[in-house]
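Shown next: target08.txt, containing compact mmCIF, C-alpha atoms.
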# COMPACT_ATOMS: atom_id res chain seq x y z
CA MET A 762 0.00 0.00 0.00
CA VAL A 763 1.13 3.51 -0.87
CA GLY A 764 2.19 5.47 2.22
CA ILE A 765 1.14 9.07 2.79
CA LEU A 766 3.32 11.61 4.58
CA LEU A 767 1.99 15.00 5.69
CA VAL A 768 4.74 17.64 5.86
CA SER A 769 3.74 20.91 7.49
CA HIS A 770 5.42 23.78 9.32
CA SER A 771 2.92 23.27 12.09
CA SER A 772 2.38 20.05 14.01
CA LYS A 773 -1.15 21.26 14.78
CA ILE A 774 -1.97 21.58 11.07
CA ALA A 775 -0.54 18.13 10.38
CA GLN A 776 -2.17 16.47 13.41
CA GLY A 777 -5.51 18.10 12.66
CA THR A 778 -5.36 17.00 9.05
CA LEU A 779 -4.39 13.49 10.11
CA GLU A 780 -7.35 13.39 12.49
CA LEU A 781 -9.69 14.45 9.68
CA VAL A 782 -8.24 11.82 7.32
CA GLU A 783 -8.38 8.99 9.84
CA GLN A 784 -12.03 9.69 10.48
CA MET A 785 -12.52 8.27 6.98
CA THR A 786 -9.72 5.73 6.61
CA LYS A 787 -9.87 4.41 10.21
CA GLY A 788 -6.31 3.22 10.56
CA LYS A 789 -6.24 1.35 7.25
CA VAL A 790 -3.61 3.57 5.65
CA ARG A 791 0.13 3.88 6.22
CA ILE A 792 0.06 7.57 7.04
CA ASP A 793 2.28 9.75 9.22
CA ILE A 794 3.26 13.36 9.80
CA ALA A 795 6.60 15.21 9.79
CA ALA A 796 5.80 18.66 11.09
CA GLY A 797 7.46 21.42 13.11
CA THR A 798 11.03 21.27 14.36
CA ALA A 799 12.46 18.87 16.94
CA ASP A 800 12.32 21.69 19.53
CA ASN A 801 8.67 22.45 18.71
CA ARG A 802 9.07 25.59 16.64
CA LEU A 803 7.16 26.16 13.40
CA GLY A 804 9.25 24.78 10.54
CA THR A 805 10.32 21.70 8.65
CA ASP A 806 13.20 19.29 9.25
CA ALA A 807 14.64 17.38 6.29
CA GLY A 808 16.12 14.73 8.60
CA MET A 809 12.77 14.06 10.25
CA ILE A 810 11.03 13.91 6.86
CA LYS A 811 13.58 11.36 5.59
CA GLN A 812 13.09 9.13 8.66
CA LYS A 813 9.32 9.21 8.33
CA ILE A 814 9.46 8.32 4.63
CA GLU A 815 11.67 5.34 5.48
CA LYS A 816 9.24 4.31 8.21
CA ILE A 817 6.07 4.27 6.08
CA HIS A 818 7.58 3.09 2.77
CA SER A 819 6.44 -0.50 2.27
CA GLY A 820 7.91 -0.85 -1.21
CA ASP A 821 4.76 0.47 -2.93
CA GLY A 822 5.87 4.09 -2.63
CA VAL A 823 5.16 7.18 -0.60
CA LEU A 824 3.25 10.29 -1.61
CA VAL A 825 4.16 13.45 0.32
CA LEU A 826 1.71 16.30 0.89
CA VAL A 827 3.40 19.63 1.68
CA ASP A 828 2.20 23.01 2.91
CA LEU A 829 4.26 26.18 2.29
CA GLY A 830 7.65 26.93 0.66
CA SER A 831 10.29 25.34 2.84
CA ALA A 832 8.17 22.20 3.25
CA VAL A 833 8.78 21.63 -0.46
CA MET A 834 12.52 22.30 -0.25
CA SER A 835 13.03 20.20 2.88
CA THR A 836 11.10 17.32 1.31
CA GLU A 837 13.07 17.53 -1.95
CA LEU A 838 16.27 17.43 0.08
CA ALA A 839 15.03 14.48 2.14
CA ILE A 840 14.15 12.56 -1.04
CA GLU A 841 17.63 13.20 -2.51
CA LYS A 842 19.16 11.71 0.64
CA LEU A 843 17.05 8.50 0.52
CA ASP A 844 18.53 5.19 -0.58
CA GLU A 845 18.24 4.59 -4.30
CA SER A 846 15.61 1.89 -3.71
CA LEU A 847 13.19 4.35 -2.08
CA ARG A 848 14.09 7.53 -3.96
CA SER A 849 12.31 6.90 -7.26
CA THR A 850 9.13 5.77 -5.51
CA THR A 851 8.79 8.79 -3.22
CA LEU A 852 6.93 11.66 -4.86
CA ILE A 853 5.62 15.07 -3.85
CA ALA A 854 1.98 15.87 -4.68
CA ASP A 855 1.35 19.29 -6.20
CA ALA A 856 -1.96 19.64 -4.39
CA PRO A 857 -3.76 21.54 -1.61
CA PHE A 858 -2.75 20.15 1.77
CA VAL A 859 -6.04 19.20 3.46
CA GLU A 860 -8.12 18.12 0.46
CA GLY A 861 -5.05 16.43 -1.01
CA ALA A 862 -4.43 14.48 2.18
CA VAL A 863 -8.03 13.20 2.28
CA VAL A 864 -8.02 12.07 -1.35
CA ALA A 865 -4.52 10.60 -1.17
CA ALA A 866 -5.32 8.55 1.91
CA LEU A 867 -8.63 7.30 0.52
CA GLU A 868 -7.11 6.28 -2.80
CA ALA A 869 -4.18 4.61 -1.05
CA SER A 870 -6.67 2.66 1.08
CA PHE A 871 -8.30 1.38 -2.14
CA GLY A 872 -4.94 -0.10 -3.09
CA LYS A 873 -4.21 2.24 -6.01
CA SER A 874 -0.65 2.54 -7.36
CA LEU A 875 1.62 5.45 -6.47
CA GLU A 876 1.12 7.06 -9.89
CA GLU A 877 -2.67 6.74 -9.62
CA VAL A 878 -2.76 8.12 -6.08
CA LYS A 879 -0.58 11.06 -7.15
CA LYS A 880 -2.72 11.88 -10.17
CA LEU A 881 -6.01 11.67 -8.29
CA THR A 882 -4.58 13.77 -5.46
CA GLU A 883 -3.42 16.46 -7.88
CA ASP A 884 -6.83 16.41 -9.59
CA VAL A 885 -8.17 17.95 -6.36
CA LYS A 886 -7.05 21.30 -7.79
CA LYS A 887 -9.79 21.03 -10.44
CA TYR A 888 -12.64 20.76 -7.92
CA SER A 889 -14.70 23.81 -7.18
CA LYS A 890 -15.74 24.19 -3.56
CA LEU A 891 -18.79 26.23 -4.52
CA GLY A 892 -19.91 23.79 -7.18
CA MET B 1181 44.99 29.97 3.33
CA VAL B 1182 42.58 28.20 5.73
CA ASN B 1183 43.05 24.76 7.33
CA SER B 1184 40.43 22.60 9.06
CA ARG B 1185 41.05 24.11 12.48
CA GLU B 1186 40.73 27.61 11.03
CA LEU B 1187 37.60 26.71 9.06
CA ILE B 1188 36.01 25.70 12.37
CA GLN B 1189 37.10 29.04 13.83
CA ILE B 1190 35.42 30.88 10.92
CA LEU B 1191 32.17 28.92 11.36
CA THR B 1192 32.32 29.61 15.10
CA GLU B 1193 32.73 33.31 14.34
CA ILE B 1194 29.72 33.14 11.99
CA ASN B 1195 27.69 31.62 14.82
CA LYS B 1196 28.73 34.53 17.04
CA LYS B 1197 27.80 37.14 14.42
CA LEU B 1198 24.42 35.53 13.72
CA ALA B 1199 23.66 35.40 17.45
CA GLU B 1200 24.57 39.11 17.74
CA ASN B 1201 22.28 39.90 14.81
CA LYS B 1202 19.43 37.63 15.88
CA GLU B 1203 17.04 40.49 16.71
CA TYR B 1204 18.00 42.47 13.61
CA LEU B 1205 17.38 39.56 11.23
CA THR B 1206 14.12 38.66 12.93
CA GLN B 1207 13.01 42.29 12.73
CA LEU B 1208 13.70 42.34 8.95
CA ASP B 1209 11.79 39.07 8.63
CA SER B 1210 8.82 40.31 10.66
CA ALA B 1211 8.28 43.09 8.09
CA ILE B 1212 7.88 40.75 5.10
CA GLY B 1213 8.03 37.18 6.32
CA ASP B 1214 7.38 34.96 9.30
CA ALA B 1215 9.59 36.73 11.85
CA ASP B 1216 11.84 33.80 12.58
CA HIS B 1217 14.96 34.21 10.42
CA GLY B 1218 17.24 35.46 13.21
CA ILE B 1219 16.05 32.84 15.68
CA ASN B 1220 16.25 30.05 13.08
CA MET B 1221 19.74 30.95 11.88
CA SER B 1222 21.19 31.31 15.33
CA LYS B 1223 19.59 28.02 16.47
CA GLY B 1224 21.04 26.31 13.40
CA PHE B 1225 24.55 27.66 13.74
CA LYS B 1226 24.67 27.01 17.46
CA ALA B 1227 23.93 23.36 16.64
CA VAL B 1228 26.60 23.47 13.90
CA VAL B 1229 29.26 24.71 16.30
CA ASP B 1230 28.35 22.01 18.85
CA ARG B 1231 28.70 19.38 16.14
CA ILE B 1232 31.94 20.56 14.44
CA SER B 1233 33.93 21.85 17.40
CA GLN B 1234 35.81 18.56 17.74
CA MET B 1235 36.43 18.01 14.00
CA GLN B 1236 39.89 19.69 13.83
CA ASP B 1237 41.49 16.50 12.52
CA LYS B 1238 38.82 15.99 9.82
CA ASP B 1239 39.04 17.32 6.26
CA CYS B 1240 37.40 20.59 5.22
CA GLY B 1241 34.83 18.76 3.08
CA SER B 1242 33.55 16.78 6.07
CA ILE B 1243 33.32 19.91 8.21
CA LEU B 1244 31.32 21.76 5.55
CA LYS B 1245 29.06 18.76 4.88
CA THR B 1246 28.38 18.32 8.60
CA THR B 1247 27.53 22.04 8.74
CA GLY B 1248 25.02 21.58 5.89
CA MET B 1249 23.46 18.42 7.33
CA THR B 1250 23.06 20.10 10.71
CA LEU B 1251 21.41 23.18 9.20
CA VAL B 1252 18.80 21.18 7.25
CA SER B 1253 17.67 19.51 10.47
CA THR B 1254 17.82 22.40 12.92
CA VAL B 1255 16.98 25.70 11.22
CA GLY B 1256 13.29 25.03 10.54
CA GLY B 1257 12.60 27.75 7.94
CA ALA B 1258 13.48 27.95 4.26
CA SER B 1259 17.03 28.97 5.10
CA GLY B 1260 17.58 25.41 6.43
CA PRO B 1261 17.37 23.56 3.12
CA LEU B 1262 18.88 26.55 1.28
CA TYR B 1263 21.99 27.17 3.39
CA GLY B 1264 22.14 23.43 4.13
CA THR B 1265 22.38 22.65 0.42
CA ALA B 1266 24.93 25.47 -0.01
CA PHE B 1267 27.26 24.05 2.66
CA MET B 1268 26.82 20.45 1.47
CA ARG B 1269 27.69 21.49 -2.10
CA ALA B 1270 30.67 23.48 -0.83
CA GLY B 1271 31.79 20.39 1.10
CA GLN B 1272 31.54 18.21 -2.01
CA VAL B 1273 33.71 20.63 -4.00
CA VAL B 1274 36.57 20.81 -1.48
CA GLY B 1275 36.35 17.08 -0.70
CA SER B 1276 39.20 15.63 1.33
CA LYS B 1277 41.37 18.77 1.40
CA THR B 1278 42.66 19.73 4.83
CA GLU B 1279 43.75 23.18 3.69
CA LEU B 1280 41.83 25.53 1.40
CA ASN B 1281 43.60 28.04 -0.86
CA PHE B 1282 42.07 31.09 -2.50
CA ASP B 1283 40.89 29.14 -5.57
CA ASP B 1284 39.19 26.57 -3.33
CA PHE B 1285 37.44 29.43 -1.59
CA VAL B 1286 36.17 30.73 -4.95
CA SER B 1287 35.03 27.22 -5.99
CA LEU B 1288 33.18 26.61 -2.76
CA LEU B 1289 31.35 29.93 -3.06
CA GLU B 1290 30.40 29.09 -6.64
CA ALA B 1291 29.13 25.67 -5.57
CA ALA B 1292 27.18 27.21 -2.70
CA LEU B 1293 25.52 29.69 -5.05
CA GLU B 1294 24.67 26.98 -7.55
CA GLY B 1295 23.18 24.84 -4.76
CA ILE B 1296 21.00 27.66 -3.45
CA LYS B 1297 19.74 28.60 -6.91
CA LEU B 1298 18.88 25.00 -7.67
CA ARG B 1299 17.19 24.29 -4.33
CA GLY B 1300 15.21 27.54 -4.29
CA LYS B 1301 14.62 27.60 -8.07
CA ALA B 1302 15.70 31.23 -7.71
CA GLN B 1303 17.44 33.79 -9.88
CA LYS B 1304 18.96 37.17 -9.07
CA GLY B 1305 16.35 39.93 -8.68
CA GLU B 1306 13.75 37.90 -6.75
CA LYS B 1307 14.65 39.30 -3.30
CA THR B 1308 16.48 36.29 -1.89
CA ILE B 1309 19.89 35.11 -0.68
CA VAL B 1310 20.93 35.00 -4.36
CA ASP B 1311 20.83 38.81 -4.51
CA SER B 1312 23.81 39.16 -2.20
CA LEU B 1313 25.62 35.91 -2.94
CA GLU B 1314 25.70 36.06 -6.74
CA PRO B 1315 27.23 39.57 -6.96
CA ALA B 1316 29.84 38.46 -4.40
CA VAL B 1317 30.80 35.40 -6.44
CA GLU B 1318 30.97 37.52 -9.63
CA ALA B 1319 33.12 40.14 -7.91
CA ILE B 1320 35.60 37.69 -6.41
CA LYS B 1321 36.15 36.12 -9.84
CA GLU B 1322 36.36 39.47 -11.62
CA HIS B 1323 38.93 40.94 -9.23
CA LYS B 1324 41.01 37.80 -8.73
CA LYS B 1325 43.84 39.15 -10.86
CA GLN B 1326 44.20 42.19 -8.60
CA GLY B 1327 45.13 39.95 -5.70
CA GLU B 1328 43.38 38.00 -3.00
CA ALA B 1329 42.90 40.89 -0.58
CA ILE B 1330 41.22 43.13 -3.15
CA ALA B 1331 39.06 40.31 -4.56
CA LEU B 1332 37.78 39.41 -1.08
CA LYS B 1333 37.10 43.05 -0.25
CA ARG B 1334 35.21 43.56 -3.52
CA ALA B 1335 33.16 40.44 -2.89
CA VAL B 1336 31.93 41.80 0.45
CA GLU B 1337 31.18 45.20 -1.10
CA ALA B 1338 29.20 43.56 -3.91
CA ALA B 1339 27.24 41.46 -1.39
CA LYS B 1340 26.40 44.61 0.58
CA GLU B 1341 25.22 46.44 -2.54
CA GLY B 1342 23.15 43.43 -3.55
CA MET B 1343 21.65 43.21 -0.08
CA GLU B 1344 20.69 46.90 -0.14
CA TYR B 1345 19.26 46.53 -3.64
CA THR B 1346 16.70 44.04 -2.28
CA LYS B 1347 14.85 47.05 -0.78
CA LYS B 1348 14.04 48.21 -4.30
CA ILE B 1349 12.58 44.97 -5.64
CA ILE B 1350 9.46 42.90 -5.15
CA ALA B 1351 9.74 39.47 -3.54
CA ARG B 1352 9.12 36.61 -5.96
CA LYS B 1353 10.02 33.74 -3.66
CA GLY B 1354 9.08 32.56 -0.21
CA ARG B 1355 6.59 33.90 2.29
CA ALA B 1356 7.32 37.54 1.27
CA SER B 1357 6.07 36.85 -2.26
CA TYR B 1358 2.51 36.71 -0.90
CA LEU B 1359 2.92 40.41 -0.07
CA GLY B 1360 3.62 41.44 -3.67
CA GLU B 1361 4.30 45.18 -3.94
CA ARG B 1362 4.02 45.59 -0.19
CA SER B 1363 7.42 43.90 0.04
CA LEU B 1364 8.99 46.99 -1.60
CA GLY B 1365 11.15 49.13 0.69
CA HIS B 1366 12.09 46.22 2.93
CA GLN B 1367 15.51 44.58 2.91
CA ASP B 1368 15.51 40.82 2.44
CA PRO B 1369 16.52 38.90 5.59
CA GLY B 1370 18.14 36.06 3.61
CA ALA B 1371 20.26 38.43 1.53
CA THR B 1372 21.23 40.06 4.83
CA SER B 1373 22.25 36.88 6.67
CA CYS B 1374 24.24 35.85 3.60
CA TYR B 1375 26.07 39.20 3.57
CA LEU B 1376 26.79 38.85 7.30
CA MET B 1377 28.25 35.38 6.79
CA LEU B 1378 30.41 36.47 3.84
CA LYS B 1379 31.65 39.55 5.71
CA THR B 1380 32.50 37.48 8.78
CA MET B 1381 34.47 34.99 6.68
CA VAL B 1382 36.37 37.69 4.83
CA ASP B 1383 37.04 39.73 7.99
CA TRP B 1384 38.44 36.63 9.69
CA ILE B 1385 40.70 35.83 6.74
CA THR B 1386 41.85 39.45 6.39
CA GLU B 1387 42.68 39.79 10.09
CA ASN B 1388 44.27 36.42 10.62
CA LYS B 1389 46.07 35.96 7.32
CA GLY B 1390 47.55 39.46 7.11
CA LEU B 1391 45.81 40.31 3.84
Is it possible to give me this structure as C-alpha cells?
Amino acid sequence: MVGILLVSHSSKIAQGTLELVEQMTKGKVRIDIAAGTADNRLGTDAGMIKQKIEKIHSGDGVLVLVDLGSAVMSTELAIEKLDESLRSTTLIADAPFVEGAVVAALEASFGKSLEEVKKLTEDVKKYSKLG
Amino acid sequence: MVNSRELIQILTEINKKLAENKEYLTQLDSAIGDADHGINMSKGFKAVVDRISQMQDKDCGSILKTTGMTLVSTVGGASGPLYGTAFMRAGQVVGSKTELNFDDFVSLLEAALEGIKLRGKAQKGEKTIVDSLEPAVEAIKEHKKQGEAIALKRAVEAAKEGMEYTKKIIARKGRASYLGERSLGHQDPGATSCYLMLKTMVDWITENKGL
C-alpha cells in the first residue's frame, strides 16, 4: 500500500489534518506526519522527513503532501538523501494540503498505485468548492 | 589559506555574528516574512558549532558537509534547506582537502551559489539570498587578478550592494512573495544573513592571514 506523509510547518496543522483523514480511513492507511522542528518551533526538518518516509515506505511508494515553501525544499532534500531503492518511488503531490491528504489517503486505502494516487490527489485542484 | 582548524574558527565566528544579529534579522523578517529568520539561523549555527567543534582533525569537506546536514535539520525555515544545500555542495567541492587556498574558496562559493539557486529555483532579482551571494561570487572572480585581498574586499562590497538593492525589488520567492508590492522598501533577511556570513568569513581571513 502507498504510504502518505503529511509535511507541514505546524504540528497542529498536520495532526488536525491526520485526524480528519483517519475519520474516513480508520487506521487502514500507512500515514504519518513530519511537522514542526524537533524543539517544537514552526518549521520543517529534512532529517525528520527522511526518517518518516523510510518508516512508512512499504515498497509500494510514498506520496508526500506539503504546505508552504520550505516544506517543499526540505522534502526535496530528504528525497535526494534517501537510498536509491526508495528515492524513485517517493513523490511530492502538487496539491492543496487538506483536500489532497483526504483524497490521497482514501485512494491509497483502495490499493491504487503510487502514480494513480498522485494523479487523483493532484486532480483535487480542479474541484470547485462552490460547485 | 585556511586549514580545518581555522575553518572551524570561521564557522564559530559566523555563529557569534548571527547570534549578535538575531534580533535584527528577525526584525527584517517580521516586516515581510514569518519573523523567525534570526532565531532560526542562530539556532542552526549554534547546533553546527556544537557538532563541528571537535572536527579539527577531519578534512574541510567533512566539516562543511556536517555544517550543511546540521542546518537542514535544525533551522526550521526555508534557510535550512537553502543554506544546508549550499554548505553540502561546498563540502563536495573541497572534498578531502585539509587546507583551502584562494581558488578553493572561490570554488566553494560558486558551488554554494549553484546549490542555493537550484534548491530555491531562484534567480537574481527575486529578493532572496541570491541577490547578495551572486554579486559576491561575480566580484571575487572578476577581481582575482588584482590579488586576493582586493578580490575578497570587492566580494563583500558587492554582497552589501546586492543586499541593499533588495529594498528596491518585489519578492518573488518565499513567504514575502505573498505580499507582492508591499514587500517593496524592505531589505531581504536572507540576503542580509548571507552578507553577514560572507563579511564574517572575509574579515576573519583578512585579520588572521595578514591580507
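One distance worth recording is that between atom CA of B:Glu1290 and atom CA of B:His1366, which is 26.8 Å.
For the pair atom CA of A:Ile794 and atom CA of B:Asp1230, the interatomic distance is 28.0 Å.
For the set B:Val1229, B:Leu1251, B:Ile1243, B:Val1182, the residue with the smallest atom-to-atom gap to chain A is B:Leu1251, counting only C-alpha atoms.
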>> Every residue with an atom at most 12 Å from (17.6, 2.4, 2.1) (file coordinates; all atoms listed in the file) is what I'm after, so could you write them as a list in words?
In response: Lys811, Gln812, Ile814, Glu815, Lys816, His818, Ser819, Gly820, Ile840, Glu841, Lys842, Leu843, Asp844, Glu845, Ser846, Leu847, Arg848, Ser849 and Thr850 of chain A
With all atoms listed in the file counted, which protein, DNA or RNA residues have an atom no more than 12 Å from (16.6, 15.1, 1.5) in the file frame? Please answer as a short mmCIF file (atom, residue, chain, number, x, y, z; two decimals) with C-alpha atoms, in the coordinates of the input.
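And here's selection.cif as it stands now:
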data_model
loop_
_atom_site.label_atom_id
_atom_site.label_comp_id
_atom_site.auth_asym_id
_atom_site.auth_seq_id
_atom_site.Cartn_x
_atom_site.Cartn_y
_atom_site.Cartn_z
CA THR A 805 10.32 21.70 8.65
CA ASP A 806 13.20 19.29 9.25
CA ALA A 807 14.64 17.38 6.29
CA GLY A 808 16.12 14.73 8.60
CA MET A 809 12.77 14.06 10.25
CA ILE A 810 11.03 13.91 6.86
CA LYS A 811 13.58 11.36 5.59
CA GLN A 812 13.09 9.13 8.66
CA LYS A 813 9.32 9.21 8.33
CA ILE A 814 9.46 8.32 4.63
CA GLU A 815 11.67 5.34 5.48
CA ALA A 832 8.17 22.20 3.25
CA VAL A 833 8.78 21.63 -0.46
CA MET A 834 12.52 22.30 -0.25
CA SER A 835 13.03 20.20 2.88
CA THR A 836 11.10 17.32 1.31
CA GLU A 837 13.07 17.53 -1.95
CA LEU A 838 16.27 17.43 0.08
CA ALA A 839 15.03 14.48 2.14
CA ILE A 840 14.15 12.56 -1.04
CA GLU A 841 17.63 13.20 -2.51
CA LYS A 842 19.16 11.71 0.64
CA LEU A 843 17.05 8.50 0.52
CA ASP A 844 18.53 5.19 -0.58
CA LEU A 847 13.19 4.35 -2.08
CA ARG A 848 14.09 7.53 -3.96
CA THR A 851 8.79 8.79 -3.22
CA GLY B 1248 25.02 21.58 5.89
CA MET B 1249 23.46 18.42 7.33
CA VAL B 1252 18.80 21.18 7.25
CA SER B 1253 17.67 19.51 10.47
CA GLY B 1260 17.58 25.41 6.43
CA PRO B 1261 17.37 23.56 3.12
CA LEU B 1262 18.88 26.55 1.28
CA GLY B 1264 22.14 23.43 4.13
CA THR B 1265 22.38 22.65 0.42
CA MET B 1268 26.82 20.45 1.47
CA ARG B 1299 17.19 24.29 -4.33
#
> Any idea what's packed within 10 Å of A:Glu783, counting only C-alpha atoms, ignoring anything in its chain fewer than 4 positions away? Could you give it as number ranges by chain?
Replying inline: A: 777-779, 787-790, 792, 863, 866-867
> Which is closer to chain B than all the others in A:Lys873, A:Lys880, A:Arg802, A:Lys890, using only C-alpha atoms?
Replying inline: A:Arg802
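For the set B:Ile1349, B:Leu1391, B:Asn1183, B:Ile1212, the residue with the smallest atom-to-atom gap to B:Asp1284 is B:Asn1183, counting all atoms listed in the file.
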> Which residue out of A:Leu881, A:Met762, A:Ala799, A:Val859 has the minimum interatomic distance to chain B when all atoms listed in the file are used?
Replying inline: A:Ala799
For chain B, list the residues within 12 Å of chain A, counting all atoms listed in the file, and write the list as a PDB file with C-alpha atoms, in the coordinates of the input.
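Output (out_6.pdb):
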ATOM      1  CA  GLY B1213       8.030  37.180   6.320  1.00  0.00           C
ATOM      2  CA  ASP B1214       7.380  34.960   9.300  1.00  0.00           C
ATOM      3  CA  ALA B1215       9.590  36.730  11.850  1.00  0.00           C
ATOM      4  CA  ASP B1216      11.840  33.800  12.580  1.00  0.00           C
ATOM      5  CA  HIS B1217      14.960  34.210  10.420  1.00  0.00           C
ATOM      6  CA  ILE B1219      16.050  32.840  15.680  1.00  0.00           C
ATOM      7  CA  ASN B1220      16.250  30.050  13.080  1.00  0.00           C
ATOM      8  CA  LYS B1223      19.590  28.020  16.470  1.00  0.00           C
ATOM      9  CA  GLY B1224      21.040  26.310  13.400  1.00  0.00           C
ATOM     10  CA  GLY B1248      25.020  21.580   5.890  1.00  0.00           C
ATOM     11  CA  MET B1249      23.460  18.420   7.330  1.00  0.00           C
ATOM     12  CA  THR B1250      23.060  20.100  10.710  1.00  0.00           C
ATOM     13  CA  LEU B1251      21.410  23.180   9.200  1.00  0.00           C
ATOM     14  CA  VAL B1252      18.800  21.180   7.250  1.00  0.00           C
ATOM     15  CA  SER B1253      17.670  19.510  10.470  1.00  0.00           C
ATOM     16  CA  THR B1254      17.820  22.400  12.920  1.00  0.00           C
ATOM     17  CA  VAL B1255      16.980  25.700  11.220  1.00  0.00           C
ATOM     18  CA  GLY B1256      13.290  25.030  10.540  1.00  0.00           C
ATOM     19  CA  GLY B1257      12.600  27.750   7.940  1.00  0.00           C
ATOM     20  CA  ALA B1258      13.480  27.950   4.260  1.00  0.00           C
ATOM     21  CA  SER B1259      17.030  28.970   5.100  1.00  0.00           C
ATOM     22  CA  GLY B1260      17.580  25.410   6.430  1.00  0.00           C
ATOM     23  CA  PRO B1261      17.370  23.560   3.120  1.00  0.00           C
ATOM     24  CA  LEU B1262      18.880  26.550   1.280  1.00  0.00           C
ATOM     25  CA  TYR B1263      21.990  27.170   3.390  1.00  0.00           C
ATOM     26  CA  GLY B1264      22.140  23.430   4.130  1.00  0.00           C
ATOM     27  CA  THR B1265      22.380  22.650   0.420  1.00  0.00           C
ATOM     28  CA  ALA B1266      24.930  25.470  -0.010  1.00  0.00           C
ATOM     29  CA  MET B1268      26.820  20.450   1.470  1.00  0.00           C
ATOM     30  CA  GLY B1295      23.180  24.840  -4.760  1.00  0.00           C
ATOM     31  CA  ILE B1296      21.000  27.660  -3.450  1.00  0.00           C
ATOM     32  CA  LYS B1297      19.740  28.600  -6.910  1.00  0.00           C
ATOM     33  CA  LEU B1298      18.880  25.000  -7.670  1.00  0.00           C
ATOM     34  CA  ARG B1299      17.190  24.290  -4.330  1.00  0.00           C
ATOM     35  CA  GLY B1300      15.210  27.540  -4.290  1.00  0.00           C
ATOM     36  CA  LYS B1301      14.620  27.600  -8.070  1.00  0.00           C
ATOM     37  CA  ARG B1352       9.120  36.610  -5.960  1.00  0.00           C
ATOM     38  CA  LYS B1353      10.020  33.740  -3.660  1.00  0.00           C
ATOM     39  CA  GLY B1354       9.080  32.560  -0.210  1.00  0.00           C
ATOM     40  CA  ARG B1355       6.590  33.900   2.290  1.00  0.00           C
ATOM     41  CA  ALA B1356       7.320  37.540   1.270  1.00  0.00           C
ATOM     42  CA  SER B1357       6.070  36.850  -2.260  1.00  0.00           C
ATOM     43  CA  TYR B1358       2.510  36.710  -0.900  1.00  0.00           C
TER      44      TYR B1358
END
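Taking atom CA of A:Thr882 as the reference point, atom CA of A:Ser772 is found at 21.6 Å.
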Could you add whatever atoms are missing so that stretch 780-784 of chain A carries all heavy atoms, then write the result as a compact mmCIF listing (two decimals), keeping the file's coordinate frame?
# COMPACT_ATOMS: atom_id res chain seq x y z
N GLU A 780 -6.13 13.75 11.76
CA GLU A 780 -7.35 13.39 12.49
C GLU A 780 -8.56 13.34 11.53
O GLU A 780 -9.36 12.40 11.55
CB GLU A 780 -7.58 14.46 13.57
CG GLU A 780 -8.53 14.05 14.66
CD GLU A 780 -8.76 15.19 15.66
OE1 GLU A 780 -8.06 16.23 15.59
OE2 GLU A 780 -9.66 15.04 16.49
N LEU A 781 -8.61 14.35 10.67
CA LEU A 781 -9.69 14.45 9.68
C LEU A 781 -9.65 13.27 8.71
O LEU A 781 -10.67 12.67 8.37
CB LEU A 781 -9.48 15.77 8.91
CG LEU A 781 -10.59 16.38 8.11
CD1 LEU A 781 -11.73 16.79 9.03
CD2 LEU A 781 -10.07 17.64 7.41
N VAL A 782 -8.43 12.92 8.28
CA VAL A 782 -8.24 11.82 7.32
C VAL A 782 -8.63 10.49 7.96
O VAL A 782 -9.37 9.68 7.39
CB VAL A 782 -6.77 11.77 6.84
CG1 VAL A 782 -6.49 10.48 6.09
CG2 VAL A 782 -6.45 12.98 5.97
N GLU A 783 -8.17 10.29 9.19
CA GLU A 783 -8.38 8.99 9.84
C GLU A 783 -9.84 8.73 10.20
O GLU A 783 -10.26 7.59 10.36
CB GLU A 783 -7.46 8.85 11.05
CG GLU A 783 -6.01 8.84 10.59
CD GLU A 783 -5.13 7.88 11.35
OE1 GLU A 783 -5.04 8.04 12.57
OE2 GLU A 783 -4.53 6.98 10.71
N GLN A 784 -10.60 9.82 10.26
CA GLN A 784 -12.03 9.69 10.48
C GLN A 784 -12.64 8.87 9.33
O GLN A 784 -13.60 8.15 9.50
CB GLN A 784 -12.63 11.11 10.48
CG GLN A 784 -13.93 11.25 11.20
CD GLN A 784 -14.44 12.67 11.11
OE1 GLN A 784 -14.04 13.44 10.23
NE2 GLN A 784 -15.32 13.03 12.02
